[in-house]
Amino acid sequence: MTSTINMPHDRQPRSSDWVGRQFSRKEDHRLTTGKGQYFADILVPGMLHLVFVRSTHAHARIKRIDVSAARALPGVVAAVTGADIKDQIKPLPQPVVVPALPARYPTFWPLAVDKVKFHGEPVAAVIARDKYVAEDAAELVEVEYEPLPHVRNMETALDPAAPLVHEGWPDNEMFALTFTGGGTPETQAANDAEVDGLIRAADVAVKQRYRVHRCGVTPLETRGALATWDDGDGMTAWITTQRPHIDRLAMSDVLDIPAEKLRVIAPRDQGGGFGVKAPFYREPILVCYMARKLKRPVRWLETREEHLMSVSQERDQMHDLEVAATKDGRIVALRDRGLADNGDGCEGVYWGYLMPFLGAALLPNAYDLPKCDIKIRVACTNKAVLSPARSFGAFPARFALERSIDKIARRIGKDPAEVRRINFIRSLPHVTATGVNYDSGDFLKVWDLLTKTIDLPKFRAEQQEARRQGRYIGLGFGVGAELSGVASSVLVPMENQPGYGAATVRLDPRGKVLVFEGDAPGGQGHETTMAQVVAQEFGIHPNDVIVAHGDTGTTPFGSGTIGARSGSYTVSAISIACRFLKKKIARIMAHDLKLDADPSDFVFADGQIVFTKDDNIRKTFREMVERIIMAPLNLPQGESGGLEHTAFFEADAPMICFSAHACFVEVDAKTGQFKITRYVTSEDVGTVINPQIVEAQVQGGVVQGISNALFEQFVYDEAGQQLTSSFENYKLATAADVPSIEVHHEAGTPCPHTPLGSRGLGEGIPGAVPGAVTNAVCDALQPFGIEIDELPLRPDRIWRALQAATQKTAAE
């Protein structure tokens with residue numbers, strides 16, 4: 001796998017720069033030597049083990065639960081049901097985890113009460129001294145169900161005659177919104193009519209239903225929670241979470257524990273998150289409740305079967321999309337009717353529907369589409385609720401639009417690359433038809449780097465020659481204008497959470513630096529990139545920087561590792577805190593040396609603080625830090641000893657990054673088998689902090705996108721039973737299934753809103769993949785007129801399309 005950075009001519013890296021330098025990950029030594037500190041490594045003396053009993057039905061009334069045999073088993077400490085806890089634990093929703101959006105929010109507890117709504121919903125829990133005893137006891141719990149009619153299809157769910165997932169609701173629609181045309185029914189109707197007129201009058205229009213199946217992201221490490229209780233000190237809970245501060249607030253409200261008595265710690269190392277560990281889930285609530293009730297440490301570690309039955313499920317949308325264009329390929333109007341299958345919708349913070357909500361808002365992507373009519377509906381069904389995944393809600397919408405653009409290109413006889421370039425947003429900032437702000441960047445520069453790298457004319461010539469030989473090779477494109485962090489102006493209404501970045505920087509008397517930040521990474525390399533930012537600011541080595549994260553008892557409030565916040569918001573807060581302390585150090589140094597100098601007259605580099613007007617005047621970084629902390633005498637008026645500062649960063653406007661992908665394939669027209677022969681990306685991430693880590697983020701995102709588009713699929717049978725609860729049936733892409741991924745960064749457009757010019761990148765990368773891969777397959781098979789509009793993209797579907805095309809040709 002390769003990576004290149006196109007540096008602007010006036011900005012070549014200096015030897016003392018740490019930002020922009022490839023630096024081996026600080027985390028990797030402990031991880032590769034078996035010294036990582038994952039959830040399963042956390043042990044507390046005397047801890048008990050909790051095991052859930054889960055529903056075997058998709059929809060059923062709970063007539064009776066008998067836990068007497070489980071309680072009687074030696075080693076069992078407690079067994080509880082929904083009826084036991086209903087009056088002891090507040091149900092969700094609670095205000096702290098409810099978005100400020102017009103949706104219906106179902107009421108639920110950690111354990112099902114009265115009825116179950118999906119196969120795998122927790123109905124009881126057993127707590128024992130040993131996890132194996134707990135598992136044996138769970139099998140002794142007897143549950144008598146009265147099966148109810150279930151609904152597993154999103155369209156059927158919206159039928160007035162469909163069984164209700166949530167009693168008391170008039171129907172199964174959880175959320176619906178019109179994203180275009182203003183805020184009143186009148187302006188929206190006028191916009192709808194205008195878009196309809198443009199579509200009818202257009203030179204060319206493409207109308208198609210696109211379907212993306214239920215799949216998601218699967219962290220290597222499953223979820224877990226361990227809680228301890230002390231009547232004096234309160235509760236400490238270790239939770240595999242991306243958002244420990246949010247979990248702390250929500251847990252405090254649900255269990256009526258004063259916030260100052262509750263500490264949530266995310267394990268130092270987590271085996272992936274990808275969005276899955278961002279919601280406020282029901283299981284940790286019960287763990288914490290039982291720890292307080294029993295006054296004993298209680299631990300729950302999720303099995304892979306539980307994980308695949310309950311979380312990691314996203315996508316699952318269909319889009320009836322119409323795109324109209326001129327004969328030259330300029331898109332003049334777009335109309336979309338989106339529908340999402342949300343499962344039962346029971347999940348704190350996201351409630352499942354926030355993913356399709358944001359996906360619809362991001363539908364215009366990087367294209368200049370001023371006239372759009374976009375509406376989304378979200379249905380509840382008897383499945384597990386959608387949980388967040390990279391390319392949050394946008395994966396299906398990206399697929400639909402990218403496929404439509406290729407179809408328009410073929411209709412007018414232009415290369416899909418040319419049609420995309422015609423329609424890219426050319427001037428930023430830009431506000432899309434759905435009201436999303438794109439702050440800065442240069443989409444055309446990134447696109448041109450991609451097409452130059454792949455040598456598009458050369459490939460088209462090779463494609464024609466291959467067809468003459470009876471070989472079918474193709475090229476497909478996909479792009480993504482993605483979130484670079486999430487501003488409070490977006491996150492407060494969407495999640496009822498703030499978006500700012502926060503960090504505390506503390507200097508040690510020996511010249512070392514400690515950074516405390518409240519988000520909880522899952523293997524992205526935050527310790528390394530954040531240390532590089534500190535090293536750049538203070539002119540020291542990254543190994544002299546320690547980063548602590550994810551502990552609500554020691555870190556400033558943070559909204560979590562979501563939406564590519566680290567490379568945009570969190571490192572910006574770190575940079576601001578460092579610059580505040582640098583100015584203080586410089587002021588005191590100028591005072592000590594009796595210099596008439598401004599803080600900007602000093603440079604921090606190579607462990608030295610140098611007076612730029614006379615570089616013979618200098619002191620070591622350690623010398624000045626130790627003087628200020630340990631000998632705070634004769635300081636300038638108004639200054640105090642100590643070197644610690646907490647900074648917050650909020651961007652002036654929501655920010656984005658941009659990524660463009662090209663996928664090459666070869667298809668066997670006899671079998672439908674295909675191989676991805678090359679995959680190339682081009683990104684604008686502003687200032688690159690560590691190329692190695694950015695490259696890994698892109699490669700990982702592409703692999704997840706390929707895995708979603710080609711392999712993964714959650715399958716429910718006619719009775720609503722989940723059939724894909726193990727890796728035997730839920731297929732993930734392996735190293736043998738993916739190509740070498742070439743990553744190229746266009747570094748000429750630093751973000752103007754962040755101190756370093758950096759952008760966050762990791763969140764949206766998978767979204768460009770399904771369009772790129774499917775477009776490549778369809779491009780290869782154009783001699784047969786093949787168009788694929790549904791995922792997953794598998795050889796059997798391609799083979800059937802080829803057979804249908806052959807039969808059609810024969811009939812003609």
# chains A, B, ... in the order shown; residues from 1 in each chain; ligands from 1
call {"tool": "select_by_dssp", "arguments": {"residues": "region 150-228 of chain A", "states": "strand (DSSP E)", "output": "list of chain:residue names"}}
result
A:Glu173, A:Met174, A:Phe175, A:Ala176, A:Leu177, A:Thr178, A:Val204, A:Ala205, A:Val206, A:Lys207, A:Gln208, A:Arg209, A:Tyr210, A:Arg211, A:Val212, A:His213, A:Arg214, A:Cys215, A:Gly224, A:Ala225, A:Leu226, A:Ala227, A:Thr228
call {"tool": "residues_around", "arguments": {"residues": "region 338-348 of chain A", "least_positions_apart": "6", "cutoff": "9 Å", "atoms": "only C-alpha atoms", "output": "compact mmCIF listing (two decimals) with all heavy atoms, in the first residue's frame"}}
result
# COMPACT_ATOMS: atom_id res chain seq x y z
N LEU A 92 -35.57 5.05 29.68
CA LEU A 92 -35.29 5.99 28.61
C LEU A 92 -36.57 6.18 27.83
O LEU A 92 -37.38 5.26 27.73
CB LEU A 92 -34.17 5.47 27.71
CG LEU A 92 -32.78 5.37 28.35
CD1 LEU A 92 -31.76 4.90 27.31
CD2 LEU A 92 -32.32 6.66 28.96
N PRO A 93 -36.79 7.38 27.27
CA PRO A 93 -35.87 8.50 27.12
C PRO A 93 -35.75 9.37 28.38
O PRO A 93 -36.71 9.52 29.13
CB PRO A 93 -36.49 9.31 25.98
CG PRO A 93 -37.97 9.03 26.09
CD PRO A 93 -38.07 7.61 26.56
N GLN A 94 -34.55 9.93 28.55
CA GLN A 94 -34.27 10.98 29.52
C GLN A 94 -33.69 12.16 28.74
O GLN A 94 -33.03 11.98 27.72
CB GLN A 94 -33.29 10.50 30.58
CG GLN A 94 -33.83 9.41 31.49
CD GLN A 94 -35.03 9.86 32.31
OE1 GLN A 94 -35.08 11.02 32.76
NE2 GLN A 94 -35.99 8.98 32.51
N VAL A 97 -30.25 12.47 26.67
CA VAL A 97 -29.95 11.63 25.51
C VAL A 97 -31.07 11.68 24.47
O VAL A 97 -31.23 10.77 23.66
CB VAL A 97 -29.71 10.16 25.93
CG1 VAL A 97 -28.41 10.05 26.70
CG2 VAL A 97 -30.87 9.60 26.73
N VAL A 98 -31.82 12.79 24.45
CA VAL A 98 -32.90 12.95 23.49
C VAL A 98 -32.59 14.13 22.56
O VAL A 98 -32.42 15.26 23.02
CB VAL A 98 -34.25 13.19 24.18
CG1 VAL A 98 -35.35 13.47 23.16
CG2 VAL A 98 -34.63 11.97 25.02
N TYR A 105 -40.20 8.85 20.56
CA TYR A 105 -39.16 8.16 21.31
C TYR A 105 -39.79 7.06 22.16
O TYR A 105 -40.57 7.35 23.07
CB TYR A 105 -38.38 9.15 22.18
CG TYR A 105 -37.65 10.18 21.36
CD1 TYR A 105 -38.21 11.43 21.11
CD2 TYR A 105 -36.42 9.88 20.78
CE1 TYR A 105 -37.55 12.37 20.33
CE2 TYR A 105 -35.75 10.81 20.00
CZ TYR A 105 -36.32 12.05 19.78
OH TYR A 105 -35.67 12.98 18.99
N PRO A 106 -39.46 5.80 21.88
CA PRO A 106 -40.06 4.70 22.64
C PRO A 106 -39.54 4.65 24.07
O PRO A 106 -38.40 5.02 24.35
CB PRO A 106 -39.63 3.46 21.86
CG PRO A 106 -38.37 3.87 21.16
CD PRO A 106 -38.55 5.33 20.83
N THR A 107 -40.37 4.20 24.97
CA THR A 107 -39.98 4.02 26.36
C THR A 107 -39.45 2.60 26.55
O THR A 107 -40.08 1.63 26.13
CB THR A 107 -41.19 4.25 27.28
OG1 THR A 107 -41.65 5.60 27.12
CG2 THR A 107 -40.82 4.04 28.74
N PHE A 108 -38.28 2.49 27.20
CA PHE A 108 -37.73 1.15 27.43
C PHE A 108 -36.80 1.16 28.63
O PHE A 108 -36.30 2.20 29.06
CB PHE A 108 -37.00 0.63 26.19
CG PHE A 108 -35.72 1.34 25.85
CD1 PHE A 108 -34.49 0.79 26.22
CD2 PHE A 108 -35.71 2.54 25.17
CE1 PHE A 108 -33.30 1.44 25.91
CE2 PHE A 108 -34.53 3.19 24.85
CZ PHE A 108 -33.32 2.63 25.22
N LYS A 117 -39.35 -6.99 21.49
CA LYS A 117 -39.57 -6.35 20.19
C LYS A 117 -38.54 -6.75 19.13
O LYS A 117 -38.62 -6.30 18.00
CB LYS A 117 -39.58 -4.84 20.38
CG LYS A 117 -40.72 -4.35 21.28
CD LYS A 117 -40.68 -2.87 21.52
CE LYS A 117 -39.54 -2.45 22.44
NZ LYS A 117 -39.66 -3.00 23.80
N PHE A 118 -37.55 -7.56 19.52
CA PHE A 118 -36.65 -8.12 18.51
C PHE A 118 -35.95 -9.34 19.08
O PHE A 118 -35.85 -9.52 20.30
CB PHE A 118 -35.62 -7.08 18.03
CG PHE A 118 -34.56 -6.71 19.03
CD1 PHE A 118 -33.33 -7.36 19.04
CD2 PHE A 118 -34.78 -5.69 19.95
CE1 PHE A 118 -32.34 -7.01 19.96
CE2 PHE A 118 -33.80 -5.33 20.86
CZ PHE A 118 -32.57 -6.01 20.87
N ARG A 152 -41.01 -7.03 9.63
CA ARG A 152 -39.58 -7.00 9.37
C ARG A 152 -39.22 -6.26 8.09
O ARG A 152 -38.06 -6.21 7.71
CB ARG A 152 -39.02 -8.42 9.32
CG ARG A 152 -39.48 -9.25 8.16
CD ARG A 152 -38.87 -10.66 8.19
NE ARG A 152 -39.15 -11.39 6.98
CZ ARG A 152 -40.27 -12.06 6.74
NH1 ARG A 152 -41.23 -12.06 7.65
NH2 ARG A 152 -40.44 -12.69 5.59
N ASN A 153 -40.20 -5.67 7.43
CA ASN A 153 -39.98 -4.95 6.18
C ASN A 153 -40.35 -3.50 6.38
O ASN A 153 -41.43 -3.18 6.89
CB ASN A 153 -40.82 -5.59 5.07
CG ASN A 153 -40.70 -4.86 3.75
OD1 ASN A 153 -41.29 -3.81 3.55
ND2 ASN A 153 -39.91 -5.42 2.84
N MET A 154 -39.46 -2.59 5.99
CA MET A 154 -39.68 -1.16 6.27
C MET A 154 -40.91 -0.61 5.54
O MET A 154 -41.62 0.26 6.07
CB MET A 154 -38.42 -0.36 5.93
CG MET A 154 -38.02 -0.33 4.49
SD MET A 154 -36.47 0.59 4.21
CE MET A 154 -35.27 -0.71 4.41
N GLU A 155 -41.18 -1.07 4.33
CA GLU A 155 -42.36 -0.60 3.61
C GLU A 155 -43.63 -1.16 4.24
O GLU A 155 -44.61 -0.44 4.44
CB GLU A 155 -42.27 -0.99 2.14
CG GLU A 155 -41.25 -0.20 1.35
CD GLU A 155 -41.32 -0.49 -0.13
OE1 GLU A 155 -40.96 -1.61 -0.52
OE2 GLU A 155 -41.73 0.41 -0.89
N ALA A 157 -43.98 -2.01 7.25
CA ALA A 157 -44.16 -1.42 8.57
C ALA A 157 -44.99 -0.15 8.53
O ALA A 157 -45.67 0.19 9.50
CB ALA A 157 -42.79 -1.12 9.18
N VAL A 165 -45.04 -2.01 16.51
CA VAL A 165 -43.86 -2.37 17.28
C VAL A 165 -43.99 -1.82 18.70
O VAL A 165 -43.69 -2.50 19.68
CB VAL A 165 -42.58 -1.86 16.60
CG1 VAL A 165 -41.35 -2.13 17.48
CG2 VAL A 165 -42.41 -2.49 15.22
N HIS A 166 -44.46 -0.59 18.80
CA HIS A 166 -44.62 0.07 20.10
C HIS A 166 -46.08 0.36 20.37
O HIS A 166 -46.72 1.13 19.64
CB HIS A 166 -43.81 1.37 20.14
CG HIS A 166 -42.34 1.16 19.99
ND1 HIS A 166 -41.57 0.56 20.95
CD2 HIS A 166 -41.49 1.43 18.95
CE1 HIS A 166 -40.31 0.50 20.54
NE2 HIS A 166 -40.24 1.01 19.34
N MET A 174 -41.35 6.45 13.02
CA MET A 174 -40.65 7.09 14.14
C MET A 174 -40.24 8.50 13.83
O MET A 174 -40.20 9.37 14.71
CB MET A 174 -39.43 6.26 14.53
CG MET A 174 -38.71 6.75 15.76
SD MET A 174 -37.42 5.61 16.31
CE MET A 174 -36.82 6.45 17.77
N ARG A 214 -28.87 -4.30 5.30
CA ARG A 214 -28.49 -4.08 6.69
C ARG A 214 -27.11 -4.69 6.94
O ARG A 214 -26.89 -5.89 6.80
CB ARG A 214 -29.53 -4.71 7.63
CG ARG A 214 -29.21 -4.54 9.12
CD ARG A 214 -30.39 -4.93 9.99
NE ARG A 214 -31.39 -3.87 10.01
CZ ARG A 214 -31.92 -3.34 11.12
NH1 ARG A 214 -31.55 -3.76 12.30
NH2 ARG A 214 -32.82 -2.39 11.03
N ALA A 250 -25.71 10.64 31.48
CA ALA A 250 -26.92 9.86 31.28
C ALA A 250 -27.12 8.85 32.41
O ALA A 250 -28.23 8.68 32.92
CB ALA A 250 -26.86 9.14 29.94
N PRO A 279 -23.34 5.10 21.29
CA PRO A 279 -24.64 5.29 21.95
C PRO A 279 -24.61 5.03 23.45
O PRO A 279 -23.65 4.44 23.98
CB PRO A 279 -25.55 4.26 21.24
CG PRO A 279 -24.88 3.95 19.95
CD PRO A 279 -23.40 4.05 20.25
N PHE A 280 -25.67 5.44 24.12
CA PHE A 280 -25.89 5.10 25.53
C PHE A 280 -26.77 3.86 25.55
O PHE A 280 -27.97 3.94 25.32
CB PHE A 280 -26.55 6.27 26.26
CG PHE A 280 -26.78 6.03 27.73
CD1 PHE A 280 -25.71 5.75 28.58
CD2 PHE A 280 -28.05 6.08 28.26
CE1 PHE A 280 -25.92 5.53 29.93
CE2 PHE A 280 -28.27 5.86 29.62
CZ PHE A 280 -27.20 5.58 30.45
N TYR A 281 -26.16 2.73 25.79
CA TYR A 281 -26.84 1.44 25.68
C TYR A 281 -27.49 1.01 26.99
O TYR A 281 -27.12 1.47 28.08
CB TYR A 281 -25.86 0.36 25.24
CG TYR A 281 -25.44 0.45 23.79
CD1 TYR A 281 -24.11 0.72 23.45
CD2 TYR A 281 -26.35 0.24 22.75
CE1 TYR A 281 -23.71 0.78 22.12
CE2 TYR A 281 -25.95 0.31 21.43
CZ TYR A 281 -24.63 0.57 21.12
OH TYR A 281 -24.22 0.63 19.80
N ARG A 282 -28.40 0.05 26.86
CA ARG A 282 -29.16 -0.41 28.02
C ARG A 282 -28.33 -1.31 28.94
O ARG A 282 -28.52 -1.29 30.16
CB ARG A 282 -30.42 -1.16 27.55
CG ARG A 282 -30.16 -2.43 26.79
CD ARG A 282 -31.46 -3.14 26.44
NE ARG A 282 -32.05 -2.63 25.22
CZ ARG A 282 -33.32 -2.81 24.88
NH1 ARG A 282 -34.13 -3.47 25.68
NH2 ARG A 282 -33.80 -2.34 23.75
N GLU A 314 -26.39 -1.24 10.76
CA GLU A 314 -26.67 0.10 10.23
C GLU A 314 -27.09 -0.04 8.79
O GLU A 314 -27.59 -1.09 8.38
CB GLU A 314 -25.45 1.00 10.41
CG GLU A 314 -25.83 2.46 10.80
CD GLU A 314 -25.51 3.49 9.75
OE1 GLU A 314 -25.86 3.27 8.57
OE2 GLU A 314 -24.87 4.51 10.10
N ARG A 315 -26.92 1.07 8.00
CA ARG A 315 -27.31 1.14 6.58
C ARG A 315 -28.83 0.90 6.47
O ARG A 315 -29.59 1.65 7.01
CB ARG A 315 -26.51 0.15 5.73
CG ARG A 315 -25.01 0.00 6.05
CD ARG A 315 -24.26 1.28 6.21
NE ARG A 315 -22.82 1.04 6.40
CZ ARG A 315 -21.98 1.94 6.86
NH1 ARG A 315 -22.40 3.15 7.18
NH2 ARG A 315 -20.69 1.66 6.99
N ASP A 316 -29.26 -0.15 5.78
CA ASP A 316 -30.67 -0.57 5.68
C ASP A 316 -31.60 0.57 5.26
O ASP A 316 -32.51 0.96 5.98
CB ASP A 316 -31.14 -1.17 7.01
CG ASP A 316 -32.17 -2.28 6.79
OD1 ASP A 316 -32.58 -2.50 5.63
OD2 ASP A 316 -32.56 -2.93 7.77
N GLN A 317 -31.33 1.10 4.06
CA GLN A 317 -32.17 2.17 3.50
C GLN A 317 -32.49 1.86 2.05
O GLN A 317 -31.77 1.12 1.38
CB GLN A 317 -31.43 3.51 3.55
CG GLN A 317 -31.09 4.03 4.93
CD GLN A 317 -30.31 5.33 4.86
OE1 GLN A 317 -30.48 6.14 3.94
NE2 GLN A 317 -29.43 5.55 5.83
N MET A 318 -33.58 2.45 1.57
CA MET A 318 -33.86 2.47 0.14
C MET A 318 -34.14 3.92 -0.26
O MET A 318 -34.65 4.73 0.52
CB MET A 318 -35.04 1.56 -0.23
CG MET A 318 -36.35 1.91 0.40
SD MET A 318 -37.69 0.87 -0.23
CE MET A 318 -37.11 -0.77 0.22
N HIS A 319 -33.75 4.23 -1.48
CA HIS A 319 -33.91 5.59 -1.99
C HIS A 319 -34.54 5.53 -3.38
O HIS A 319 -33.99 4.91 -4.29
CB HIS A 319 -32.55 6.31 -2.06
CG HIS A 319 -31.99 6.65 -0.73
ND1 HIS A 319 -32.19 7.87 -0.12
CD2 HIS A 319 -31.25 5.93 0.14
CE1 HIS A 319 -31.60 7.89 1.05
NE2 HIS A 319 -31.02 6.72 1.24
N ASP A 320 -35.70 6.15 -3.50
CA ASP A 320 -36.31 6.37 -4.81
C ASP A 320 -35.79 7.72 -5.30
O ASP A 320 -36.28 8.77 -4.90
CB ASP A 320 -37.82 6.36 -4.71
CG ASP A 320 -38.36 4.97 -4.38
OD1 ASP A 320 -37.84 3.99 -4.94
OD2 ASP A 320 -39.28 4.87 -3.56
N LEU A 321 -34.79 7.66 -6.18
CA LEU A 321 -34.04 8.85 -6.55
C LEU A 321 -34.25 9.19 -8.02
O LEU A 321 -34.15 8.32 -8.88
CB LEU A 321 -32.55 8.61 -6.28
CG LEU A 321 -31.60 9.78 -6.53
CD1 LEU A 321 -31.89 10.93 -5.56
CD2 LEU A 321 -30.14 9.33 -6.38
N PRO A 356 -30.07 7.80 9.31
CA PRO A 356 -30.72 8.21 8.05
C PRO A 356 -31.02 9.70 7.97
O PRO A 356 -31.03 10.28 6.88
CB PRO A 356 -32.00 7.36 8.01
CG PRO A 356 -32.18 6.81 9.37
CD PRO A 356 -30.83 6.73 9.99
N ALA A 360 -29.56 11.79 4.80
CA ALA A 360 -30.38 12.60 3.89
C ALA A 360 -29.85 14.02 3.79
O ALA A 360 -29.82 14.63 2.71
CB ALA A 360 -31.83 12.59 4.35
N ILE A 374 -35.88 16.63 -1.09
CA ILE A 374 -35.38 15.48 -0.34
C ILE A 374 -36.23 15.26 0.89
O ILE A 374 -36.39 16.16 1.72
CB ILE A 374 -33.91 15.69 0.06
CG1 ILE A 374 -33.03 15.85 -1.19
CG2 ILE A 374 -33.40 14.53 0.92
CD1 ILE A 374 -31.60 16.24 -0.88
N LYS A 375 -36.78 14.06 0.98
CA LYS A 375 -37.61 13.69 2.12
C LYS A 375 -37.19 12.31 2.62
O LYS A 375 -36.78 11.45 1.84
CB LYS A 375 -39.09 13.67 1.74
CG LYS A 375 -39.66 15.03 1.36
CD LYS A 375 -41.13 14.89 0.94
CE LYS A 375 -41.79 16.27 0.75
NZ LYS A 375 -41.13 17.06 -0.30
N ILE A 376 -37.29 12.11 3.92
CA ILE A 376 -36.91 10.83 4.52
C ILE A 376 -37.99 10.39 5.50
O ILE A 376 -38.60 11.21 6.16
CB ILE A 376 -35.54 10.92 5.24
CG1 ILE A 376 -35.03 9.54 5.68
CG2 ILE A 376 -35.61 11.85 6.44
CD1 ILE A 376 -34.40 8.75 4.61
N ARG A 377 -38.25 9.08 5.54
CA ARG A 377 -39.12 8.48 6.54
C ARG A 377 -38.35 7.34 7.21
O ARG A 377 -37.58 6.64 6.56
CB ARG A 377 -40.41 7.94 5.92
CG ARG A 377 -41.25 8.99 5.22
CD ARG A 377 -42.49 8.35 4.61
NE ARG A 377 -43.47 7.99 5.62
CZ ARG A 377 -44.57 7.25 5.38
NH1 ARG A 377 -44.76 6.73 4.17
NH2 ARG A 377 -45.43 6.98 6.35
N VAL A 378 -38.57 7.17 8.50
CA VAL A 378 -37.88 6.13 9.24
C VAL A 378 -38.92 5.27 9.94
O VAL A 378 -39.76 5.78 10.69
CB VAL A 378 -36.91 6.72 10.28
CG1 VAL A 378 -36.21 5.62 11.06
CG2 VAL A 378 -35.89 7.63 9.59
N ALA A 379 -38.90 3.97 9.67
CA ALA A 379 -39.90 3.04 10.19
C ALA A 379 -39.31 2.16 11.27
O ALA A 379 -38.14 1.75 11.20
CB ALA A 379 -40.44 2.17 9.06
N CYS A 380 -40.11 1.84 12.27
CA CYS A 380 -39.74 0.84 13.27
C CYS A 380 -40.18 -0.53 12.81
O CYS A 380 -41.27 -0.70 12.26
CB CYS A 380 -40.37 1.17 14.62
SG CYS A 380 -39.55 2.50 15.53
N THR A 381 -39.32 -1.51 13.04
CA THR A 381 -39.61 -2.90 12.73
C THR A 381 -39.15 -3.77 13.90
O THR A 381 -38.55 -3.27 14.85
CB THR A 381 -38.90 -3.37 11.44
OG1 THR A 381 -37.48 -3.30 11.67
CG2 THR A 381 -39.27 -2.50 10.25
N ASN A 382 -39.42 -5.05 13.82
CA ASN A 382 -39.00 -5.98 14.88
C ASN A 382 -37.60 -6.53 14.61
O ASN A 382 -37.40 -7.72 14.37
CB ASN A 382 -40.02 -7.11 15.03
CG ASN A 382 -41.34 -6.63 15.57
OD1 ASN A 382 -42.36 -6.69 14.89
ND2 ASN A 382 -41.33 -6.12 16.79
N LYS A 383 -36.67 -5.61 14.64
CA LYS A 383 -35.25 -5.92 14.51
C LYS A 383 -34.50 -5.10 15.53
O LYS A 383 -35.06 -4.19 16.17
CB LYS A 383 -34.75 -5.57 13.10
CG LYS A 383 -35.42 -6.32 11.96
CD LYS A 383 -34.88 -5.83 10.62
CE LYS A 383 -35.61 -6.48 9.46
NZ LYS A 383 -35.17 -5.92 8.16
N ALA A 384 -33.21 -5.39 15.67
CA ALA A 384 -32.37 -4.56 16.53
C ALA A 384 -32.30 -3.14 15.96
O ALA A 384 -32.29 -2.95 14.74
CB ALA A 384 -30.98 -5.15 16.66
N VAL A 385 -32.21 -2.16 16.84
CA VAL A 385 -32.12 -0.77 16.41
C VAL A 385 -30.83 -0.55 15.62
O VAL A 385 -29.82 -1.21 15.85
CB VAL A 385 -32.17 0.16 17.64
CG1 VAL A 385 -31.01 -0.11 18.58
CG2 VAL A 385 -32.20 1.63 17.24
N LEU A 386 -30.88 0.39 14.69
CA LEU A 386 -29.66 0.78 14.00
C LEU A 386 -28.68 1.40 14.99
O LEU A 386 -29.07 2.17 15.87
CB LEU A 386 -29.96 1.81 12.90
CG LEU A 386 -30.87 1.36 11.74
CD1 LEU A 386 -31.04 2.51 10.75
CD2 LEU A 386 -30.32 0.13 11.05
N SER A 387 -27.41 1.05 14.86
CA SER A 387 -26.38 1.69 15.67
C SER A 387 -25.39 2.37 14.75
O SER A 387 -25.22 1.96 13.60
CB SER A 387 -25.68 0.66 16.57
OG SER A 387 -25.16 -0.42 15.82
N ALA A 397 -27.07 6.68 0.81
CA ALA A 397 -27.34 7.85 -0.02
C ALA A 397 -26.20 8.10 -1.00
O ALA A 397 -26.42 8.47 -2.17
CB ALA A 397 -27.56 9.07 0.87
call {"tool": "residues_around", "arguments": {"residues": "Tyr500 (chain A)", "least_positions_apart": "6", "cutoff": "8 Å", "atoms": "only C-alpha atoms", "output": "ChimeraX atom specification"}}
result
/A:487-488,558-559,569,648-651
call {"tool": "atom_distance", "arguments": {"atom1": "CA of Lys452 (chain A)", "atom2": "CA of Val685 (chain A)"}}
result
18.9 Å
call {"tool": "closest_residue", "arguments": {"among": "A:Gly271, A:Gly197, A:Pro147, A:Gly771", "to": "Ala40 (chain A)", "atoms": "only C-alpha atoms"}}
result
A:Gly271
call {"tool": "residues_around", "arguments": {"residues": "Thr326 (chain A)", "least_positions_apart": "5", "cutoff": "8 Å", "atoms": "only C-alpha atoms", "output": "VMD selection string"}}
result
chain A and resid 202 to 204 331 to 332
call {"tool": "write_last_selection", "arguments": {"atoms": "N, CA, C and O atoms", "output": "short mmCIF file (atom, residue, chain, number, x, y, z; two decimals), in the first residue's frame"}}
result
data_model
loop_
_atom_site.label_atom_id
_atom_site.label_comp_id
_atom_site.auth_asym_id
_atom_site.auth_seq_id
_atom_site.Cartn_x
_atom_site.Cartn_y
_atom_site.Cartn_z
N ALA A 202 -36.25 18.54 -18.24
CA ALA A 202 -34.82 18.29 -18.43
C ALA A 202 -34.55 17.48 -19.70
O ALA A 202 -35.40 16.71 -20.16
N ASP A 203 -33.35 17.63 -20.23
CA ASP A 203 -32.94 16.86 -21.41
C ASP A 203 -32.86 15.37 -21.10
O ASP A 203 -33.17 14.52 -21.95
N VAL A 204 -32.42 15.06 -19.89
CA VAL A 204 -32.30 13.66 -19.50
C VAL A 204 -32.62 13.54 -18.02
O VAL A 204 -32.29 14.42 -17.22
N ILE A 331 -26.30 18.74 -13.75
CA ILE A 331 -27.50 18.34 -13.01
C ILE A 331 -28.32 19.57 -12.65
O ILE A 331 -27.79 20.53 -12.08
N VAL A 332 -29.60 19.53 -12.96
CA VAL A 332 -30.47 20.68 -12.73
C VAL A 332 -31.45 20.45 -11.58
O VAL A 332 -31.98 21.42 -11.01
#
call {"tool": "select_by_dssp", "arguments": {"residues": "region 674-731 of chain A", "states": "helix (DSSP H, G or I)", "output": "list of chain:residue names"}}
result
A:Pro691, A:Gln692, A:Ile693, A:Val694, A:Glu695, A:Ala696, A:Gln697, A:Val698, A:Gln699, A:Gly700, A:Gly701, A:Val702, A:Val703, A:Gln704, A:Gly705, A:Ile706, A:Ser707, A:Asn708, A:Ala709, A:Leu710, A:Phe711
